[in-house]
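Raw upload20.pdb, PDB, C-alpha atoms, pLDDT in the B column:
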ATOM      1  CA  GLU A 257      -1.916   9.886 -18.692  1.00 55.00           C
ATOM      2  CA  THR A 258      -0.595  10.752 -15.286  1.00 69.00           C
ATOM      3  CA  GLY A 259       0.319   8.763 -12.195  1.00 92.00           C
ATOM      4  CA  VAL A 260       0.378   4.995 -12.144  1.00 95.00           C
ATOM      5  CA  THR A 261      -1.796   2.985 -14.508  1.00 95.00           C
ATOM      6  CA  GLN A 262      -2.532  -0.725 -14.477  1.00 96.00           C
ATOM      7  CA  THR A 263      -4.063  -3.018 -17.076  1.00 97.00           C
ATOM      8  CA  PRO A 264      -6.242  -4.926 -17.148  1.00 97.00           C
ATOM      9  CA  ARG A 265      -8.450  -3.704 -14.309  1.00 95.00           C
ATOM     10  CA  HIS A 266     -10.185  -7.074 -14.058  1.00 96.00           C
ATOM     11  CA  LEU A 267      -8.988 -10.528 -15.072  1.00 96.00           C
ATOM     12  CA  VAL A 268     -10.538 -13.974 -14.841  1.00 95.00           C
ATOM     13  CA  MET A 269      -8.292 -16.919 -15.615  1.00 93.00           C
ATOM     14  CA  GLY A 270      -8.219 -20.657 -15.285  1.00 91.00           C
ATOM     15  CA  MET A 271      -5.511 -22.488 -13.410  1.00 89.00           C
ATOM     16  CA  THR A 272      -3.804 -23.579 -16.622  1.00 88.00           C
ATOM     17  CA  ASN A 273      -3.786 -20.160 -18.282  1.00 89.00           C
ATOM     18  CA  LYS A 274      -0.871 -17.782 -18.700  1.00 94.00           C
ATOM     19  CA  LYS A 275      -1.552 -14.071 -18.391  1.00 95.00           C
ATOM     20  CA  SER A 276       0.353 -10.877 -17.653  1.00 97.00           C
ATOM     21  CA  LEU A 277      -0.429  -7.785 -15.604  1.00 98.00           C
ATOM     22  CA  LYS A 278       0.995  -4.492 -16.752  1.00 98.00           C
ATOM     23  CA  CYS A 279       1.912  -1.407 -14.776  1.00 98.00           C
ATOM     24  CA  GLU A 280       3.156   1.903 -16.120  1.00 97.00           C
ATOM     25  CA  GLN A 281       4.223   4.954 -14.173  1.00 97.00           C
ATOM     26  CA  HIS A 282       4.403   8.459 -15.636  1.00 94.00           C
ATOM     27  CA  LEU A 283       6.104  10.070 -12.643  1.00 95.00           C
ATOM     28  CA  GLY A 284       9.765   9.657 -13.555  1.00 94.00           C
ATOM     29  CA  HIS A 285      10.337   7.359 -10.586  1.00 94.00           C
ATOM     30  CA  ASN A 286      13.123   4.817 -10.261  1.00 93.00           C
ATOM     31  CA  ALA A 287      11.517   2.236  -7.976  1.00 93.00           C
ATOM     32  CA  MET A 288       8.481   0.055  -8.677  1.00 94.00           C
ATOM     33  CA  TYR A 289       6.611  -2.464  -6.547  1.00 94.00           C
ATOM     34  CA  TRP A 290       4.044  -5.255  -6.734  1.00 95.00           C
ATOM     35  CA  TYR A 291       1.674  -5.804  -3.797  1.00 94.00           C
ATOM     36  CA  LYS A 292      -1.041  -8.384  -3.196  1.00 95.00           C
ATOM     37  CA  GLN A 293      -4.212  -7.350  -1.362  1.00 92.00           C
ATOM     38  CA  SER A 294      -6.337 -10.273  -0.196  1.00 91.00           C
ATOM     39  CA  ALA A 295      -9.538 -10.091   1.789  1.00 84.00           C
ATOM     40  CA  LYS A 296      -8.970  -9.888   5.543  1.00 75.00           C
ATOM     41  CA  LYS A 297      -5.161  -9.768   5.221  1.00 81.00           C
ATOM     42  CA  PRO A 298      -2.724  -6.847   5.279  1.00 83.00           C
ATOM     43  CA  LEU A 299      -1.214  -5.761   1.996  1.00 89.00           C
ATOM     44  CA  GLU A 300       1.713  -7.997   1.167  1.00 90.00           C
ATOM     45  CA  LEU A 301       4.772  -6.719  -0.632  1.00 91.00           C
ATOM     46  CA  MET A 302       5.735  -9.129  -3.416  1.00 94.00           C
ATOM     47  CA  PHE A 303       8.577  -7.575  -5.390  1.00 93.00           C
ATOM     48  CA  VAL A 304      10.665  -4.411  -5.458  1.00 91.00           C
ATOM     49  CA  TYR A 305      12.601  -3.081  -8.432  1.00 92.00           C
ATOM     50  CA  ASN A 306      15.062  -0.234  -8.109  1.00 87.00           C
ATOM     51  CA  PHE A 307      16.599   1.140 -11.322  1.00 87.00           C
ATOM     52  CA  LYS A 308      15.264  -1.963 -13.147  1.00 85.00           C
ATOM     53  CA  GLU A 309      17.035  -4.349 -10.769  1.00 86.00           C
ATOM     54  CA  GLN A 310      15.040  -6.606  -8.477  1.00 86.00           C
ATOM     55  CA  THR A 311      15.984  -5.786  -4.897  1.00 84.00           C
ATOM     56  CA  GLU A 312      13.294  -7.676  -3.024  1.00 82.00           C
ATOM     57  CA  ASN A 313      11.445 -10.947  -3.527  1.00 83.00           C
ATOM     58  CA  ASN A 314       9.245 -11.522  -0.520  1.00 82.00           C
ATOM     59  CA  SER A 315       9.217 -15.346  -0.777  1.00 87.00           C
ATOM     60  CA  VAL A 316       6.775 -15.226  -3.669  1.00 93.00           C
ATOM     61  CA  PRO A 317       5.964 -18.554  -5.417  1.00 94.00           C
ATOM     62  CA  SER A 318       7.583 -19.025  -8.798  1.00 93.00           C
ATOM     63  CA  ARG A 319       4.194 -19.064 -10.555  1.00 95.00           C
ATOM     64  CA  PHE A 320       4.485 -15.259 -10.233  1.00 96.00           C
ATOM     65  CA  SER A 321       7.266 -13.907 -12.446  1.00 95.00           C
ATOM     66  CA  PRO A 322       8.017 -10.168 -12.502  1.00 96.00           C
ATOM     67  CA  GLU A 323       9.687  -8.286 -15.302  1.00 96.00           C
ATOM     68  CA  CYS A 324      10.950  -4.708 -15.346  1.00 95.00           C
ATOM     69  CA  PRO A 325      12.223  -3.762 -18.820  1.00 94.00           C
ATOM     70  CA  ASN A 326      12.726  -0.095 -17.875  1.00 93.00           C
ATOM     71  CA  SER A 327      12.029   2.223 -14.966  1.00 91.00           C
ATOM     72  CA  SER A 328       8.564   3.106 -16.290  1.00 95.00           C
ATOM     73  CA  HIS A 329       7.152  -0.367 -16.864  1.00 96.00           C
ATOM     74  CA  LEU A 330       6.592  -3.353 -14.642  1.00 97.00           C
ATOM     75  CA  PHE A 331       4.944  -6.641 -15.532  1.00 97.00           C
ATOM     76  CA  LEU A 332       3.742  -9.589 -13.495  1.00 97.00           C
ATOM     77  CA  HIS A 333       3.578 -12.793 -15.511  1.00 97.00           C
ATOM     78  CA  LEU A 334       1.160 -15.372 -14.156  1.00 96.00           C
ATOM     79  CA  HIS A 335       1.066 -19.113 -14.875  1.00 94.00           C
ATOM     80  CA  THR A 336      -0.567 -22.142 -13.281  1.00 93.00           C
ATOM     81  CA  LEU A 337      -2.136 -20.052 -10.547  1.00 93.00           C
ATOM     82  CA  GLN A 338      -4.259 -21.405  -7.717  1.00 94.00           C
ATOM     83  CA  PRO A 339      -7.689 -20.176  -6.566  1.00 93.00           C
ATOM     84  CA  GLU A 340      -6.078 -18.743  -3.413  1.00 93.00           C
ATOM     85  CA  ASP A 341      -4.127 -16.367  -5.676  1.00 95.00           C
ATOM     86  CA  SER A 342      -7.364 -14.495  -6.369  1.00 95.00           C
ATOM     87  CA  ALA A 343      -6.806 -10.983  -5.034  1.00 95.00           C
ATOM     88  CA  LEU A 344      -6.282  -7.342  -5.943  1.00 94.00           C
ATOM     89  CA  TYR A 345      -2.778  -6.822  -7.306  1.00 96.00           C
ATOM     90  CA  LEU A 346      -1.465  -3.323  -6.786  1.00 95.00           C
ATOM     91  CA  CYS A 347       1.481  -1.688  -8.455  1.00 96.00           C
ATOM     92  CA  ALA A 348       3.275   1.277  -6.910  1.00 95.00           C
ATOM     93  CA  SER A 349       6.228   3.509  -7.665  1.00 94.00           C
ATOM     94  CA  SER A 350       8.468   5.899  -5.742  1.00 92.00           C
ATOM     95  CA  GLN A 351      11.338   8.197  -6.571  1.00 91.00           C
ATOM     96  CA  GLU A 352      13.795   5.853  -4.868  1.00 83.00           C
ATOM     97  CA  SER A 353      13.439   2.737  -2.775  1.00 80.00           C
ATOM     98  CA  GLY A 354      14.188   4.123   0.661  1.00 75.00           C
ATOM     99  CA  ALA A 355      12.867   5.090   4.054  1.00 72.00           C
ATOM    100  CA  GLY A 356      10.421   7.969   4.038  1.00 77.00           C
ATOM    101  CA  GLU A 357       9.737   7.692   0.301  1.00 84.00           C
ATOM    102  CA  THR A 358       6.096   8.100  -0.659  1.00 88.00           C
ATOM    103  CA  GLN A 359       4.806   5.293  -2.815  1.00 91.00           C
ATOM    104  CA  TYR A 360       2.181   6.102  -5.440  1.00 93.00           C
ATOM    105  CA  PHE A 361      -0.278   3.342  -6.190  1.00 94.00           C
ATOM    106  CA  GLY A 362      -2.184   2.334  -9.285  1.00 94.00           C
ATOM    107  CA  PRO A 363      -5.868   1.334  -9.167  1.00 93.00           C
ATOM    108  CA  GLY A 364      -5.036  -2.377  -9.146  1.00 94.00           C
ATOM    109  CA  THR A 365      -5.978  -5.444 -11.150  1.00 96.00           C
ATOM    110  CA  ARG A 366      -8.740  -7.558  -9.647  1.00 95.00           C
ATOM    111  CA  LEU A 367      -7.767 -11.180 -10.392  1.00 96.00           C
ATOM    112  CA  LEU A 368     -10.071 -14.171 -10.103  1.00 96.00           C
ATOM    113  CA  VAL A 369      -8.594 -17.646 -10.574  1.00 95.00           C
ATOM    114  CA  LEU A 370     -11.118 -20.371 -11.317  1.00 93.00           C
TER     115      LEU A 370
ATOM    116  CA  GLY B 239      10.556  -7.868  12.080  1.00 79.00           C
ATOM    117  CA  ASP B 240       8.607  -4.663  11.695  1.00 85.00           C
ATOM    118  CA  SER B 241       4.859  -4.705  12.263  1.00 91.00           C
ATOM    119  CA  VAL B 242       1.889  -2.332  12.356  1.00 94.00           C
ATOM    120  CA  THR B 243      -1.269  -2.841  14.383  1.00 95.00           C
ATOM    121  CA  GLN B 244      -4.442  -0.872  13.711  1.00 93.00           C
ATOM    122  CA  MET B 245      -7.622  -0.742  15.725  1.00 84.00           C
ATOM    123  CA  GLU B 246     -10.205  -3.275  14.677  1.00 79.00           C
ATOM    124  CA  GLY B 247     -12.941  -2.053  12.398  1.00 83.00           C
ATOM    125  CA  PRO B 248     -15.315  -1.402  10.943  1.00 93.00           C
ATOM    126  CA  VAL B 249     -15.897   2.067  12.336  1.00 95.00           C
ATOM    127  CA  THR B 250     -19.277   3.679  11.731  1.00 97.00           C
ATOM    128  CA  LEU B 251     -19.854   7.357  12.490  1.00 97.00           C
ATOM    129  CA  SER B 252     -22.387  10.059  11.832  1.00 97.00           C
ATOM    130  CA  GLU B 253     -21.388  13.075   9.768  1.00 97.00           C
ATOM    131  CA  GLU B 254     -19.478  15.732  11.771  1.00 96.00           C
ATOM    132  CA  ALA B 255     -18.427  13.219  14.440  1.00 97.00           C
ATOM    133  CA  PHE B 256     -14.840  13.068  15.731  1.00 97.00           C
ATOM    134  CA  LEU B 257     -12.677  10.298  14.319  1.00 97.00           C
ATOM    135  CA  THR B 258      -9.772   8.448  15.885  1.00 97.00           C
ATOM    136  CA  ILE B 259      -8.168   5.384  14.336  1.00 97.00           C
ATOM    137  CA  ASN B 260      -5.428   3.962  16.525  1.00 97.00           C
ATOM    138  CA  CYS B 261      -2.149   2.735  15.082  1.00 97.00           C
ATOM    139  CA  THR B 262       0.853   1.338  16.931  1.00 97.00           C
ATOM    140  CA  TYR B 263       4.026  -0.065  15.490  1.00 95.00           C
ATOM    141  CA  THR B 264       7.033  -2.215  16.236  1.00 93.00           C
ATOM    142  CA  ALA B 265      10.273  -1.340  14.480  1.00 88.00           C
ATOM    143  CA  THR B 266      13.946  -0.863  15.155  1.00 81.00           C
ATOM    144  CA  GLY B 267      15.489   2.541  14.836  1.00 79.00           C
ATOM    145  CA  TYR B 268      13.428   5.438  13.525  1.00 83.00           C
ATOM    146  CA  PRO B 269      10.900   4.355  10.919  1.00 90.00           C
ATOM    147  CA  SER B 270       8.903   6.711   8.723  1.00 91.00           C
ATOM    148  CA  LEU B 271       5.155   6.503   9.287  1.00 94.00           C
ATOM    149  CA  PHE B 272       2.305   6.849   6.808  1.00 95.00           C
ATOM    150  CA  TRP B 273      -1.450   6.849   6.543  1.00 97.00           C
ATOM    151  CA  TYR B 274      -2.868   5.708   3.215  1.00 96.00           C
ATOM    152  CA  VAL B 275      -6.538   5.772   2.200  1.00 96.00           C
ATOM    153  CA  GLN B 276      -8.321   3.511  -0.272  1.00 93.00           C
ATOM    154  CA  TYR B 277     -11.651   4.667  -1.676  1.00 92.00           C
ATOM    155  CA  PRO B 278     -14.000   2.047  -3.135  1.00 87.00           C
ATOM    156  CA  GLY B 279     -12.713   0.610  -6.396  1.00 82.00           C
ATOM    157  CA  GLU B 280      -9.453   2.563  -6.283  1.00 85.00           C
ATOM    158  CA  GLY B 281      -5.833   2.068  -5.335  1.00 87.00           C
ATOM    159  CA  LEU B 282      -4.188   3.506  -2.263  1.00 92.00           C
ATOM    160  CA  GLN B 283      -3.483   7.214  -1.917  1.00 93.00           C
ATOM    161  CA  LEU B 284      -1.101   8.801   0.535  1.00 94.00           C
ATOM    162  CA  LEU B 285      -3.081  10.747   3.131  1.00 97.00           C
ATOM    163  CA  LEU B 286      -0.219  12.006   5.301  1.00 97.00           C
ATOM    164  CA  LYS B 287       3.182  11.030   6.621  1.00 95.00           C
ATOM    165  CA  ALA B 288       5.766  11.836   9.286  1.00 95.00           C
ATOM    166  CA  THR B 289       9.423  10.965   9.073  1.00 91.00           C
ATOM    167  CA  LYS B 290      10.728  11.757  12.553  1.00 90.00           C
ATOM    168  CA  ALA B 291       9.588  11.747  16.149  1.00 92.00           C
ATOM    169  CA  ASP B 292       7.132  14.490  17.192  1.00 95.00           C
ATOM    170  CA  ASP B 293       6.398  15.406  13.580  1.00 95.00           C
ATOM    171  CA  LYS B 294       2.737  15.975  12.782  1.00 97.00           C
ATOM    172  CA  GLY B 295       1.430  15.003   9.370  1.00 97.00           C
ATOM    173  CA  SER B 296      -1.767  16.668   8.178  1.00 97.00           C
ATOM    174  CA  ASN B 297      -3.945  16.725   5.074  1.00 97.00           C
ATOM    175  CA  LYS B 298      -7.634  17.301   4.269  1.00 95.00           C
ATOM    176  CA  GLY B 299      -8.431  17.887   7.961  1.00 97.00           C
ATOM    177  CA  PHE B 300      -6.757  14.638   9.056  1.00 98.00           C
ATOM    178  CA  GLU B 301      -3.816  14.706  11.475  1.00 98.00           C
ATOM    179  CA  ALA B 302      -1.425  12.200  13.030  1.00 98.00           C
ATOM    180  CA  THR B 303       1.547  12.767  15.327  1.00 98.00           C
ATOM    181  CA  TYR B 304       4.604  10.522  15.410  1.00 97.00           C
ATOM    182  CA  ARG B 305       4.962   9.458  19.064  1.00 96.00           C
ATOM    183  CA  LYS B 306       8.219   7.613  19.622  1.00 93.00           C
ATOM    184  CA  GLU B 307       7.600   7.111  23.338  1.00 94.00           C
ATOM    185  CA  THR B 308       4.317   5.257  22.755  1.00 95.00           C
ATOM    186  CA  THR B 309       5.249   3.908  19.284  1.00 95.00           C
ATOM    187  CA  SER B 310       1.989   5.289  17.943  1.00 97.00           C
ATOM    188  CA  PHE B 311       0.677   7.258  14.971  1.00 98.00           C
ATOM    189  CA  HIS B 312      -3.044   7.674  15.620  1.00 98.00           C
ATOM    190  CA  LEU B 313      -5.180   9.241  12.889  1.00 98.00           C
ATOM    191  CA  GLU B 314      -7.669  11.948  13.904  1.00 98.00           C
ATOM    192  CA  LYS B 315     -10.202  14.200  12.234  1.00 98.00           C
ATOM    193  CA  GLY B 316     -12.399  16.670  14.049  1.00 97.00           C
ATOM    194  CA  SER B 317     -15.462  16.437  11.811  1.00 96.00           C
ATOM    195  CA  VAL B 318     -15.880  13.603   9.327  1.00 97.00           C
ATOM    196  CA  GLN B 319     -17.875  13.761   6.106  1.00 97.00           C
ATOM    197  CA  VAL B 320     -19.698  11.111   4.117  1.00 96.00           C
ATOM    198  CA  SER B 321     -16.957  11.418   1.496  1.00 96.00           C
ATOM    199  CA  ASP B 322     -14.395  10.204   4.070  1.00 97.00           C
ATOM    200  CA  SER B 323     -15.890   6.717   3.906  1.00 97.00           C
ATOM    201  CA  ALA B 324     -12.998   4.494   2.850  1.00 96.00           C
ATOM    202  CA  VAL B 325     -10.419   2.026   4.141  1.00 95.00           C
ATOM    203  CA  TYR B 326      -7.520   3.574   6.057  1.00 97.00           C
ATOM    204  CA  PHE B 327      -4.121   1.919   6.279  1.00 96.00           C
ATOM    205  CA  CYS B 328      -1.319   2.742   8.672  1.00 96.00           C
ATOM    206  CA  ALA B 329       2.136   1.828   7.363  1.00 94.00           C
ATOM    207  CA  LEU B 330       5.837   2.268   8.002  1.00 92.00           C
ATOM    208  CA  THR B 331       9.143   2.052   6.219  1.00 87.00           C
ATOM    209  CA  GLY B 332      12.160   0.925   8.168  1.00 75.00           C
ATOM    210  CA  SER B 333      15.025   3.256   9.025  1.00 64.00           C
ATOM    211  CA  PRO B 334      18.524   3.050   7.546  1.00 57.00           C
ATOM    212  CA  ASN B 335      19.764   1.263  10.665  1.00 55.00           C
ATOM    213  CA  GLY B 336      16.735  -1.011  10.800  1.00 49.00           C
ATOM    214  CA  GLY B 337      18.184  -3.898   8.854  1.00 49.00           C
ATOM    215  CA  THR B 338      16.209  -5.690   6.178  1.00 47.00           C
ATOM    216  CA  SER B 339      13.111  -3.521   6.447  1.00 47.00           C
ATOM    217  CA  TYR B 340      14.825  -0.417   5.080  1.00 53.00           C
ATOM    218  CA  GLY B 341      12.622   1.210   2.462  1.00 63.00           C
ATOM    219  CA  LYS B 342      10.021  -1.568   2.613  1.00 77.00           C
ATOM    220  CA  LEU B 343       6.424  -0.501   3.350  1.00 86.00           C
ATOM    221  CA  THR B 344       4.806  -2.618   6.056  1.00 89.00           C
ATOM    222  CA  PHE B 345       1.033  -2.142   6.356  1.00 92.00           C
ATOM    223  CA  GLY B 346      -1.509  -2.620   9.080  1.00 93.00           C
ATOM    224  CA  GLN B 347      -4.615  -4.624   8.296  1.00 92.00           C
ATOM    225  CA  GLY B 348      -6.723  -1.588   7.394  1.00 93.00           C
ATOM    226  CA  THR B 349      -9.737  -0.006   9.095  1.00 95.00           C
ATOM    227  CA  ILE B 350     -13.022   0.389   7.250  1.00 95.00           C
ATOM    228  CA  LEU B 351     -14.694   3.731   7.982  1.00 96.00           C
ATOM    229  CA  THR B 352     -18.329   4.359   7.090  1.00 96.00           C
ATOM    230  CA  VAL B 353     -19.816   7.801   7.646  1.00 97.00           C
ATOM    231  CA  HIS B 354     -23.603   8.206   7.569  1.00 96.00           C
ATOM    232  CA  PRO B 355     -25.401  11.484   6.775  1.00 94.00           C
TER     233      PRO B 355
END

Would you mind writing the file's structure down as structure tokens?
Amino acid sequence: ETGVTQTPRHLVMGMTNKKSLKCEQHLGHNAMYWYKQSAKKPLELMFVYNFKEQTENNSVPSRFSPECPNSSHLFLHLHTLQPEDSALYLCASSQESGAGETQYFGPGTRLLVL
Amino acid sequence: GDSVTQMEGPVTLSEEAFLTINCTYTATGYPSLFWYVQYPGEGLQLLLKATKADDKGSNKGFEATYRKETTSFHLEKGSVQVSDSAVYFCALTGSPNGGTSYGKLTFGQGTILTVHP
């Protein structure tokens, strides 16, 4: 596989469920990102990891818990979500986390919270 | 903080028409500027970028010029195709002297483009 992959592509969960989103990059990059894409809103950066260390948490509620075990993998653990959390969750990676760096995006996980 | 404003969509054009999607930004210092495209059911792909003033990014017939004086990065294509139908996002990353926005991608709201045969 090449590029950035995300699983699952679609997820339906209840408000009491716990689930995890997975992202894997095959580009040898050192920075990884989670974004949220909601209808009629700009993409929102959620978290940034650089060399496995979290360098940005954009005031994300604690019901979203990221994990970066190595530079190639990034997870987003979900628990007790709300219906307004339904969105497309996009993962991205870049060589470094810096100005001018091109971020490469995965296809996203479409999440529906019932 | 940094912000990006794109022209309101949706934009509907006939094949071979000229395309302009306006993008203006607010940022301190010298940000890097990007256009990303999202085809239906897919993630975002980099279309083009420019990292300093007066640079022109180009790819697949699309062009955008980094205009510091007007804080703009308008996307243009001379002759659009049906396959260009997608959502286009203008974005920036802050500059090293731009404080907390350094390295962080800030997106505009996206412009939906539909091209008819």

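A straight line drawn from CA of Ser318 in chain A to CA of Tyr305 in chain A is 16.7 Å long.
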
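Checking B:Phe311, B:Phe345, B:Tyr304, B:Tyr326 one by one against Cys261 in chain B, counting all atoms listed in the file, you find the shortest gap at B:Phe311.
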
As a check of understanding: the span from CA of Cys279 in chain A to CA of Gly362 in chain A is 7.8 Å

Thr344 in chain B proximity check over B:Thr250, B:Asn260, B:Gln319, B:Ser270, using only C-alpha atoms: winner is B:Ser270

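The residues returned by the PyMOL selection byres ((chain A) within 7 of (chain B)) for this structure are Lys297, Pro298, Leu299, Ser353, Gly354, Ala355, Gly356, Tyr360, Phe361, Gly362, Pro363 and Gly364 of chain A.
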
Find the residues around Gly299 in chain B up to 8 Å (only C-alpha atoms counted), leave out those fewer than 3 positions away in its own chain, and share them as a short mmCIF file (atom, residue, chain, number, x, y, z; two decimals) with C-alpha atoms, in the coordinates of the input.
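Result file out_31.cif:
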data_model
loop_
_atom_site.label_atom_id
_atom_site.label_comp_id
_atom_site.auth_asym_id
_atom_site.auth_seq_id
_atom_site.Cartn_x
_atom_site.Cartn_y
_atom_site.Cartn_z
CA SER B 296 -1.77 16.67 8.18
CA LYS B 315 -10.20 14.20 12.23
CA GLY B 316 -12.40 16.67 14.05
#

- Would you list the contacts of Ala302 in chain B as a PyMOL selection string, taking every protein, DNA or RNA residue within 7 Å and counting only C-alpha atoms, but skipping same-chain residues closer than 6 positions in sequence? chain B and resi 294-296+311-314

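Using the PyMOL selection byres ((chain A and resi 366) around 9) on this structure selects Pro264, Arg265, His266, Leu267, Val268, Ser342, Ala343, Leu344, Tyr345, Leu346, Gly364, Thr365, Leu367 and Leu368 of chain A.
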
Convert the current residue selection to file output with C-alpha atoms, as a short mmCIF file (atom, residue, chain, number, x, y, z; two decimals), keeping the file's coordinate frame.
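Output file again-v2.cif follows:
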data_model
loop_
_atom_site.label_atom_id
_atom_site.label_comp_id
_atom_site.auth_asym_id
_atom_site.auth_seq_id
_atom_site.Cartn_x
_atom_site.Cartn_y
_atom_site.Cartn_z
CA PRO A 264 -6.24 -4.93 -17.15
CA ARG A 265 -8.45 -3.70 -14.31
CA HIS A 266 -10.18 -7.07 -14.06
CA LEU A 267 -8.99 -10.53 -15.07
CA VAL A 268 -10.54 -13.97 -14.84
CA SER A 342 -7.36 -14.50 -6.37
CA ALA A 343 -6.81 -10.98 -5.03
CA LEU A 344 -6.28 -7.34 -5.94
CA TYR A 345 -2.78 -6.82 -7.31
CA LEU A 346 -1.46 -3.32 -6.79
CA GLY A 364 -5.04 -2.38 -9.15
CA THR A 365 -5.98 -5.44 -11.15
CA LEU A 367 -7.77 -11.18 -10.39
CA LEU A 368 -10.07 -14.17 -10.10
#

Which residues match the PyMOL selection byres ((chain A and resi 288) around 7) in the file above, as a list in words?
-> Asn286, Ala287, Tyr289, Val304, Tyr305, Asn306, Ala348, Ser349 and Ser350 of chain A

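CA of Thr352 in chain B is found 7.6 Å from CA of Pro248 in chain B.
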
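With all atoms listed in the file as the atoms that count, the residue of B:Thr309, B:Gln244, B:Thr258, B:Ser323 with the shortest distance to Pro355 in chain B is B:Ser323.
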
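The closest residue to Gln338 in chain A, picked from A:Met302, A:Met271, A:Val316, A:Leu283 and counting all atoms listed in the file, is A:Met271.
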
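Considering all atoms listed in the file, the residue among B:Asp240, B:Ala265, B:Ser317, B:Ile350 positioned nearest to Glu301 in chain B is B:Ser317.
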
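Candidate residues A:Lys274, A:His285, A:Lys292, A:His329 were compared for distance to Thr358 in chain A, and the nearest is A:His285, using all atoms listed in the file.
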
Which centre and edge lengths in Å to one decimal define the box along x, y and z that fits every listed atom of range 310-318 of chain B plus 4 Å per side, as lines of an AutoDock Vina configuration file?
center_x = -6.9
center_y = 11.0
center_z = 13.6
size_x = 25.9
size_y = 19.4
size_z = 16.6

Could you add whatever atoms are missing so that range 287-292 of chain B carries all heavy atoms, then write the result as a compact mmCIF listing (two decimals), keeping the file's coordinate frame?
# COMPACT_ATOMS: atom_id res chain seq x y z
N LYS B 287 2.03 11.79 6.14
CA LYS B 287 3.18 11.03 6.62
C LYS B 287 3.98 11.86 7.61
O LYS B 287 3.84 13.09 7.68
CB LYS B 287 4.06 10.57 5.47
CG LYS B 287 4.87 11.66 4.80
CD LYS B 287 5.77 11.05 3.72
CE LYS B 287 6.72 12.06 3.14
NZ LYS B 287 7.57 11.47 2.06
N ALA B 288 4.83 11.17 8.37
CA ALA B 288 5.77 11.84 9.29
C ALA B 288 7.04 11.02 9.30
O ALA B 288 7.00 9.78 9.35
CB ALA B 288 5.17 11.93 10.69
N THR B 289 8.17 11.69 9.22
CA THR B 289 9.42 10.96 9.07
C THR B 289 10.31 11.01 10.31
O THR B 289 11.35 10.34 10.33
CB THR B 289 10.21 11.49 7.87
OG1 THR B 289 10.41 12.89 8.05
CG2 THR B 289 9.45 11.26 6.58
N LYS B 290 9.94 11.79 11.32
CA LYS B 290 10.73 11.76 12.55
C LYS B 290 9.84 12.03 13.76
O LYS B 290 8.74 12.56 13.62
CB LYS B 290 11.88 12.75 12.50
CG LYS B 290 11.52 14.19 12.34
CD LYS B 290 12.79 15.03 12.23
CE LYS B 290 12.48 16.52 12.27
NZ LYS B 290 11.77 16.97 11.07
N ALA B 291 10.36 11.65 14.91
CA ALA B 291 9.59 11.75 16.15
C ALA B 291 9.08 13.16 16.39
O ALA B 291 9.79 14.14 16.12
CB ALA B 291 10.44 11.27 17.32
N ASP B 292 7.83 13.25 16.85
CA ASP B 292 7.13 14.49 17.19
C ASP B 292 6.65 15.26 15.97
O ASP B 292 5.97 16.27 16.13
CB ASP B 292 7.96 15.41 18.08
CG ASP B 292 8.33 14.75 19.41
OD1 ASP B 292 7.48 14.00 19.94
OD2 ASP B 292 9.45 14.94 19.88
